[in-house]
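**Student:** One structure follows; several queries about it will come next.
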Amino acid sequence: MNSDVIEGMLAEHKRWLLSDSKEGKRLNLPGEDLSNIDFYGMNLSGANFGSADLRGANFGSAGLGWADFRGANLFDANFYCANLTDANLSDANLTDTQLSSANFTGAKLPPSIRHCWNFHHATFPADVVPWLILHPKWGDNKDTVRIVGEAS
C-alpha cells in the first residue's frame, strides 16, 4: 500500500477519534500488506487490521485499545509499551512478537502468545496464563507480569 494513501487514512482516523466518530473515517485495513510499517506512538484505537500482513510492524507505544487484529500476521511485530486494552487478537500470529510492557487488559489473545519473543512487565488477562506458562521464558518473566481479571 502506498505510504501517501496510508498517511491520508491515518489523518482521517485521527479526525474520527477526535470527533467521537462524527467526522473522518475509522482506519479500516483488513487483509492489507502493512509489513514493516512504523506506527510508533500513534493513536490507532478502534482500527481494523483484521487478517492484515503486519510482519515486522512497529506499534511501540501506540494506542490500540479496541483495535481488531483478528487473523493478522504479527510475526516479529513490536508492541513494546503499547496499550491494547480490549483489543481483539483472536487467531493472530504472535510468533516472535515483542510484548514487553504492553497492556492487554481485557484483550482477546490467541494460543500463539506462547511463541512471542518477550513479555516481561506486560499486563495480561487471566485467560492467557495457561498459554504463557508454556513459554520457555515464563520462569524468567513470571514475577514481572501482571495478571488482571479472572479466567472465564
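Going through the C-alpha cells in order, the chains are called A, B, and so on, while each chain numbers its residues from 1 and the ligands are numbered from 1 in the order shown.
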Can you list, as a list in words, every protein, DNA or RNA residue that comes within 7 Å of Leu89 in chain A when you count only C-alpha atoms, leaving out same-chain residues fewer than 4 positions away?
**Tutor:**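 My list of contacting residues is Asp68, Phe69, Arg70, Lys108, Leu109 and Pro110 of chain A.
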**Student:** Please provide as a list of chain:residue names all residues within 9 Å of Asp143 in chain A, with the sequence filter that same-chain residues fewer than 5 positions apart are discarded (counting only C-alpha atoms).
**Tutor:**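 Listing them by chain and then by number gives A:His120, A:His121, A:Trp138.
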**Student:** For Leu54 in chain A, find every residue with an atom within 7 Å (counting only C-alpha atoms), except residues of its own chain fewer than 5 positions away, and show them as a list in words.
**Tutor:**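 My reading of the contact set: Asp33, Leu34, Ser35, Asn36, Ala72, Asn73, Leu74 and Ala77 of chain A.
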**Student:** Point out the residue among A:Leu99, A:Ala151, A:Leu64, A:Ala107 with the least atom-to-atom distance to Asp127 in chain A, counting only C-alpha atoms.
**Tutor:**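 For Asp127 in chain A, the nearest of the given residues is A:Ala151.
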**Student:** From a DSSP calculation on the backbone, collect every residue of range 21-130 of chain A in strand (DSSP E or B) and output the set as a list in words.
**Tutor:** Asn28, Asp33, Asp38, Asn43, Asn48, Asp53, Asn58, Gly63, Asp68, Asn73, Asn78, Asn83, Asn88, Asn93, Gln98, Asn103, Lys108, Asn118, Thr123, Phe124 and Pro125 of chain A
